[in-house]
Amino acid sequence: MTEQADLLFELGTEELPPMALSRLSAALVEQLAAELTAAGIAHGELAPYATPRRLAVLVRDVAHYQPEHRQLRRGPTWSAAYDTAGSPTRAALGFARSCGITVDQLGMLETPKGRWLQYEQVQPGQATADLLPQMINQILHRLPIPKRMRWGMGEDSFVRPVHWLVLLHGQSVVDCTLFGVRAGRETRGHRFHHPQPIRLPDPASYASVLETQGWVVADLAVRRERIQTQVTAAAAELGLVAGSDEELLDEITALNEWPIAMIGRFPANYLALPTEVLVTSMQQHQKFVPVFDAQGDLQPYFIAVANIASRDPAQVRAGYERVMRPRLADAQFFWQQDGTQRLADHQATLQQVVFQEQLGTLADKTMRVTQLARQIATAIDGDVALAERAAHLSRCDLMLQMVQEFPSLQGVIGRYQAQRDGESADLTQALAEFYLPRFAGDTLPQSQAGIAIALADRLDTLVGIFGIGQAPTGDKDPFALRRAALGVLRILRERQLPVSYTELIRSAETQLAGRLTEPDVADQVAAFMLQRLIGLYQEIGVSKPIVQAVAAVRPATLADFEQRVQAIRRFAQTPEAVALAAVHKRITQVLKKAGITTLPPIQVQHFAAPAEHQLSAQLQHTAQTLRPLTGDYHAMLSVLAQLHPPVDTFFAEVMVMTEEPVLRQNRLALLHQAAQLLLQVADLSVLSALVRET
């Protein structure tokens with residue numbers, strides 16, 4: 001028998017959740033690789049396979065046995081093991097007995113600290129086939145399954161009922177039972193094309209046998225590419241372009257084992273509906289791919305991907321078209337019904353919808369958002385009246401039937417409805433931007449009114465939810481506060497707005513007075529947002545010490561924060577950064593050790609050493625030089641770097657903590673003045689860690 005062979009594991013189930021398929025497959029492969037490595041079982045590459053009815057992995061060149069394990073046990077010292085006559089003592093006899101051998105079978109361990117009795121035990125490696133059942137069982141129970149289910153009379157639970165199990169090592173079936181199913185070498189093909197069992201001769205032939213005999217493309221990536229190619233070609237037949245949506249493509253891939261793309265058509269009169277409605281209906285409800293012309297205009301076609309090679313494709317196509325038309329008819333009805341009222345007519349209804357029991361109704365929230373949006377619009381020189389009007393209407397679209405049918409179109413439908421109402425283009429744009437950004441990397445609001453209401457709504461939510469003691473914990477964030485905080489930070493930073501988010505937080509707290517139960521809410525929210533800001537910068541390659549250094553001096557706005565961050569990033573690459581880091585760190589440590597918070601003014605007449613005069617003169621010169629450079633942080637850092645030589649000389653020639661109180665206080669005052677200058681850009685005392693990272 002060879003020392004290694006390929007390993008195949010396949011778990012056959014009922015249809016798996018399509019949105020979870022890729023994640024489950026990746027976790028299975030990752031954890032199996034980790035378990036094999038932890039057990040010391042040599043193996044080669046792992047290949048994942050996943051379809052709606054199976055999770056599988058092929059592992060190349062898996063060793064049949066673990067390597068033998070050598071274990072060294074150290075016993076008593078040599079002097080304690082033998083008496084003066086050279087006979088073994090009770091300690092030696094006891095150690096040998098615990099090892100299951102006699103004293104003469106023990107060895108000696110020579111160390112710099114002396115000699116010891118030693119026993120070397122060789123444990124043979126276990127067979128891989130013996131280890132696999134328990135290993136795989138543990139892996140399956142650790143897979144990221146949020147909600148498990150039970151079936152039949154058993155107590156086992158999994159994401160879906162399990163129907164078959166394949167576990168092959170080489171050409172041999174590994175004896176294993178999972179979920180009440182015993183492992184074999186028979187897989188299953190396509191549910192309709194080949195429902196009969198398929199015998200697998202060996203692991204390596206798994207994918208090819210399934211495709212050639214079972215009508216199943218087992219490789220998720222191969223199947224995805226095949227679907228993409230078919231969809232693109234189908235649209236090209238019409239001289240059109242298929243819509244591009246990666247999440248939809250992933251979901252279609254997870255729904256099919258033998259994908260066949262085909263073109264369908266819907267009545268052109270439905271094109272009068274907003275394009276987003278038609279696209280959302282096709283993608284979310286039917287998993288169809290929309291089709292556009294070269295100018296990006298939606299056309300009355302769609303591409304469906306069937307999980308079957310039908311003998312009568314026309315019938316399948318007709319079926320898809322039949323299910324499409326009622327969906328579009330419903331959307332048309334909702335659109336017509338919503339058009340019977342103006343958007344503003346729904347404001348009274350907001351009083352009947354609770355946002356959160358302690359924080360009031362949607363109408364209450366709208367009033368708070370309006371006040372905060374007014375403050376923001378004023379700060380960014382926006383149209384205050386427009387921002388107020390946009391805030392008043394921002395949540396009215398939630399009352400529309402179209403939004404209730406398609407919740408993902410919040411804001412989008414609000415814009416269309418406002419256009420039908422004859423509202424200005426600026427207002428309709430602001431309503432469309434109210435929910436931006438919806439996710440990481442999403443576009444940001446462009447208009448000033450859109451920025452004002454987007455910021456106001458998120459800040460009100462953050463302060464309100466924190467204020468009633470429902471801050472995010474672990475992976476629980478039901479109000480999406482992390483996303484809200486990142487949205488605020490992205491808007492302020494990327495739009496370079498002259499607005500302080502800490503001031504806005506306090507304004508939101510004031511508006512919520514009487515509803516909040518938690519103390520220090522503003523400080524909690526500010527700290528929460530700072531952590532998100534650190535993460536945001538780390539995602540774009542800025543190290544944590546830089547952000548912390550800038551945060552320590554509390555810049556008034558994120559626009560100013562950004563300028564300081566970029567200046568430090570540049571400065572950290574220069575030789576002067578190392579010296580400046582050392583200077584500030586040493587000054588900070590001395591002042592902290594002295595424990596003095598207030599100091600009298602510097603008294604020149606009390607200088608007792610030339611180094612004191614030199615440092616004082618340099619501090620005055622530096623302060624004067626910095627004044628016209630305000631805002632040019634890179635230039636300011638270059639000027640501050642000139643403090644390094646006189647500070648070093650000062651520390652070398654002057655005893656700061658002298659016994660003479662007047663001299664000591666004067667010298668500490670000098671260092672305090674230097675420290676204040678060094679804080680003009682950031683807390684430069686952290687630059688030592690920063691320089692090491694960069």
# chains A, B, ... in the order shown; residues from 1 in each chain; ligands from 1

$ residues_around --residues "Ile139 in chain A" --least-positions-apart "5" --cutoff "7 Å" --atoms "only C-alpha atoms" --output "number ranges by chain"
A: 28, 31-32

$ write_last_selection --atoms "C-alpha atoms" --output "compact mmCIF listing (two decimals), in the first residue's frame"
# COMPACT_ATOMS: atom_id res chain seq x y z
CA LEU A 28 -15.36 23.33 5.45
CA GLN A 31 -11.28 23.75 8.95
CA LEU A 32 -10.43 20.40 7.35

$ residues_around --residues "Ala669 in chain A" --least-positions-apart "5" --cutoff "8 Å" --atoms "only C-alpha atoms" --output "ChimeraX atom specification"
/A:599-602

$ write_last_selection --atoms "C-alpha atoms" --output "mmCIF file, in the first residue's frame"
data_model
loop_
_atom_site.group_PDB
_atom_site.id
_atom_site.type_symbol
_atom_site.label_atom_id
_atom_site.label_comp_id
_atom_site.auth_asym_id
_atom_site.auth_seq_id
_atom_site.Cartn_x
_atom_site.Cartn_y
_atom_site.Cartn_z
ATOM 1 C CA LEU A 599 3.364 75.685 36.517
ATOM 2 C CA PRO A 600 4.329 79.373 36.955
ATOM 3 C CA PRO A 601 5.618 81.339 33.954
ATOM 4 C CA ILE A 602 9.230 80.779 32.929
#

$ select_by_dssp --residues "range 137-385 of chain A" --states "strand (DSSP E)" --output "ChimeraX atom specification"
/A:149-150,157-158,162-169,172-173,177-178,181-182,186-188,197-199,241-242,260-265,289-292,298-306,354-356,360-361

$ select_by_dssp --residues "range 596-639 of chain A" --states "alpha helix (DSSP H)" --output "ChimeraX atom specification"
/A:610-626,633-639

$ write_last_selection --atoms "C-alpha atoms" --output "PDB file, in the first residue's frame"
ATOM      1  CA  PRO A 610      23.588  77.955  29.036  1.00  0.00           C
ATOM      2  CA  ALA A 611      21.422  75.013  27.879  1.00  0.00           C
ATOM      3  CA  GLU A 612      18.401  76.621  29.546  1.00  0.00           C
ATOM      4  CA  HIS A 613      18.943  79.896  27.652  1.00  0.00           C
ATOM      5  CA  GLN A 614      19.413  77.976  24.387  1.00  0.00           C
ATOM      6  CA  LEU A 615      16.232  75.938  24.816  1.00  0.00           C
ATOM      7  CA  SER A 616      14.172  78.988  25.811  1.00  0.00           C
ATOM      8  CA  ALA A 617      15.396  80.912  22.769  1.00  0.00           C
ATOM      9  CA  GLN A 618      14.617  77.978  20.475  1.00  0.00           C
ATOM     10  CA  LEU A 619      11.124  77.613  21.925  1.00  0.00           C
ATOM     11  CA  GLN A 620      10.362  81.292  21.276  1.00  0.00           C
ATOM     12  CA  HIS A 621      11.767  81.062  17.744  1.00  0.00           C
ATOM     13  CA  THR A 622       9.760  77.881  17.055  1.00  0.00           C
ATOM     14  CA  ALA A 623       6.526  79.426  18.320  1.00  0.00           C
ATOM     15  CA  GLN A 624       7.001  82.486  16.093  1.00  0.00           C
ATOM     16  CA  THR A 625       7.859  80.348  13.071  1.00  0.00           C
ATOM     17  CA  LEU A 626       4.791  78.130  13.536  1.00  0.00           C
ATOM     18  CA  TYR A 633       1.159  70.449   9.103  1.00  0.00           C
ATOM     19  CA  HIS A 634       4.051  68.956   7.187  1.00  0.00           C
ATOM     20  CA  ALA A 635       5.921  72.272   7.342  1.00  0.00           C
ATOM     21  CA  MET A 636       5.050  72.592  11.033  1.00  0.00           C
ATOM     22  CA  LEU A 637       6.539  69.156  11.740  1.00  0.00           C
ATOM     23  CA  SER A 638       9.748  70.148   9.990  1.00  0.00           C
ATOM     24  CA  VAL A 639       9.986  73.234  12.200  1.00  0.00           C
TER      25      VAL A 639
END

$ closest_residue --among "A:Ala608, A:Leu678, A:Val550, A:Leu640" --to "Asn666 in chain A" --atoms "only C-alpha atoms"
A:Ala608

$ residues_around --residues "Ala579 in chain A" --least-positions-apart "3" --cutoff "12 Å" --atoms "only C-alpha atoms" --output "PyMOL selection string"
chain A and resi 571-572+574-576+582-586+637-638+640-648+684-685+687-688+691

$ residues_around --residues "Ala449 in chain A" --least-positions-apart "3" --cutoff "6 Å" --atoms "only C-alpha atoms" --output "list in words"
Ala387, Ala430 and Ala452 of chain A

$ write_last_selection --atoms "N, CA and C atoms" --output "PDB file, in the first residue's frame"
ATOM      1  N   ALA A 387     -32.803  71.902   3.071  1.00  0.00           N
ATOM      2  CA  ALA A 387     -32.469  70.799   3.976  1.00  0.00           C
ATOM      3  C   ALA A 387     -33.642  70.475   4.892  1.00  0.00           C
ATOM      4  N   ALA A 430     -31.785  65.109  -2.989  1.00  0.00           N
ATOM      5  CA  ALA A 430     -31.527  64.933  -1.557  1.00  0.00           C
ATOM      6  C   ALA A 430     -32.256  63.712  -1.008  1.00  0.00           C
ATOM      7  N   ALA A 452     -26.697  66.822   4.595  1.00  0.00           N
ATOM      8  CA  ALA A 452     -27.250  67.270   5.874  1.00  0.00           C
ATOM      9  C   ALA A 452     -28.226  66.253   6.451  1.00  0.00           C
TER      10      ALA A 452
END

$ residues_around --residues "Ile468 in chain A" --least-positions-apart "2" --cutoff "9 Å" --atoms "only C-alpha atoms" --output "VMD selection string"
chain A and resid 358 to 359 463 to 466 470 to 471 515 to 518

$ write_last_selection --atoms "N, CA and C atoms" --output "PDB file, in the first residue's frame"
ATOM      1  N   GLN A 358     -38.832  53.826  23.279  1.00  0.00           N
ATOM      2  CA  GLN A 358     -38.351  54.901  24.149  1.00  0.00           C
ATOM      3  C   GLN A 358     -38.021  56.169  23.374  1.00  0.00           C
ATOM      4  N   LEU A 359     -37.782  56.027  22.081  1.00  0.00           N
ATOM      5  CA  LEU A 359     -37.352  57.172  21.287  1.00  0.00           C
ATOM      6  C   LEU A 359     -38.469  57.776  20.457  1.00  0.00           C
ATOM      7  N   VAL A 463     -26.989  58.326  18.770  1.00  0.00           N
ATOM      8  CA  VAL A 463     -27.131  58.878  20.121  1.00  0.00           C
ATOM      9  C   VAL A 463     -28.351  58.272  20.816  1.00  0.00           C
ATOM     10  N   GLY A 464     -29.452  58.133  20.086  1.00  0.00           N
ATOM     11  CA  GLY A 464     -30.663  57.601  20.692  1.00  0.00           C
ATOM     12  C   GLY A 464     -30.503  56.168  21.168  1.00  0.00           C
ATOM     13  N   ILE A 465     -29.950  55.308  20.334  1.00  0.00           N
ATOM     14  CA  ILE A 465     -29.831  53.892  20.702  1.00  0.00           C
ATOM     15  C   ILE A 465     -28.786  53.697  21.792  1.00  0.00           C
ATOM     16  N   PHE A 466     -27.673  54.412  21.716  1.00  0.00           N
ATOM     17  CA  PHE A 466     -26.701  54.364  22.807  1.00  0.00           C
ATOM     18  C   PHE A 466     -27.340  54.879  24.096  1.00  0.00           C
ATOM     19  N   GLN A 470     -28.646  50.325  24.385  1.00  0.00           N
ATOM     20  CA  GLN A 470     -28.661  49.234  23.419  1.00  0.00           C
ATOM     21  C   GLN A 470     -27.508  49.352  22.427  1.00  0.00           C
ATOM     22  N   ALA A 471     -26.334  49.685  22.954  1.00  0.00           N
ATOM     23  CA  ALA A 471     -25.137  49.762  22.119  1.00  0.00           C
ATOM     24  C   ALA A 471     -24.792  48.379  21.580  1.00  0.00           C
ATOM     25  N   ARG A 515     -35.516  61.513  26.950  1.00  0.00           N
ATOM     26  CA  ARG A 515     -35.767  60.156  26.453  1.00  0.00           C
ATOM     27  C   ARG A 515     -34.619  59.197  26.789  1.00  0.00           C
ATOM     28  N   LEU A 516     -33.431  59.745  27.086  1.00  0.00           N
ATOM     29  CA  LEU A 516     -32.249  58.915  27.283  1.00  0.00           C
ATOM     30  C   LEU A 516     -32.114  58.502  28.744  1.00  0.00           C
ATOM     31  N   THR A 517     -31.598  57.310  28.948  1.00  0.00           N
ATOM     32  CA  THR A 517     -31.444  56.778  30.316  1.00  0.00           C
ATOM     33  C   THR A 517     -29.984  56.548  30.693  1.00  0.00           C
ATOM     34  N   GLU A 518     -29.083  56.572  29.717  1.00  0.00           N
ATOM     35  CA  GLU A 518     -27.672  56.295  29.981  1.00  0.00           C
ATOM     36  C   GLU A 518     -26.910  57.589  30.258  1.00  0.00           C
TER      37      GLU A 518
END
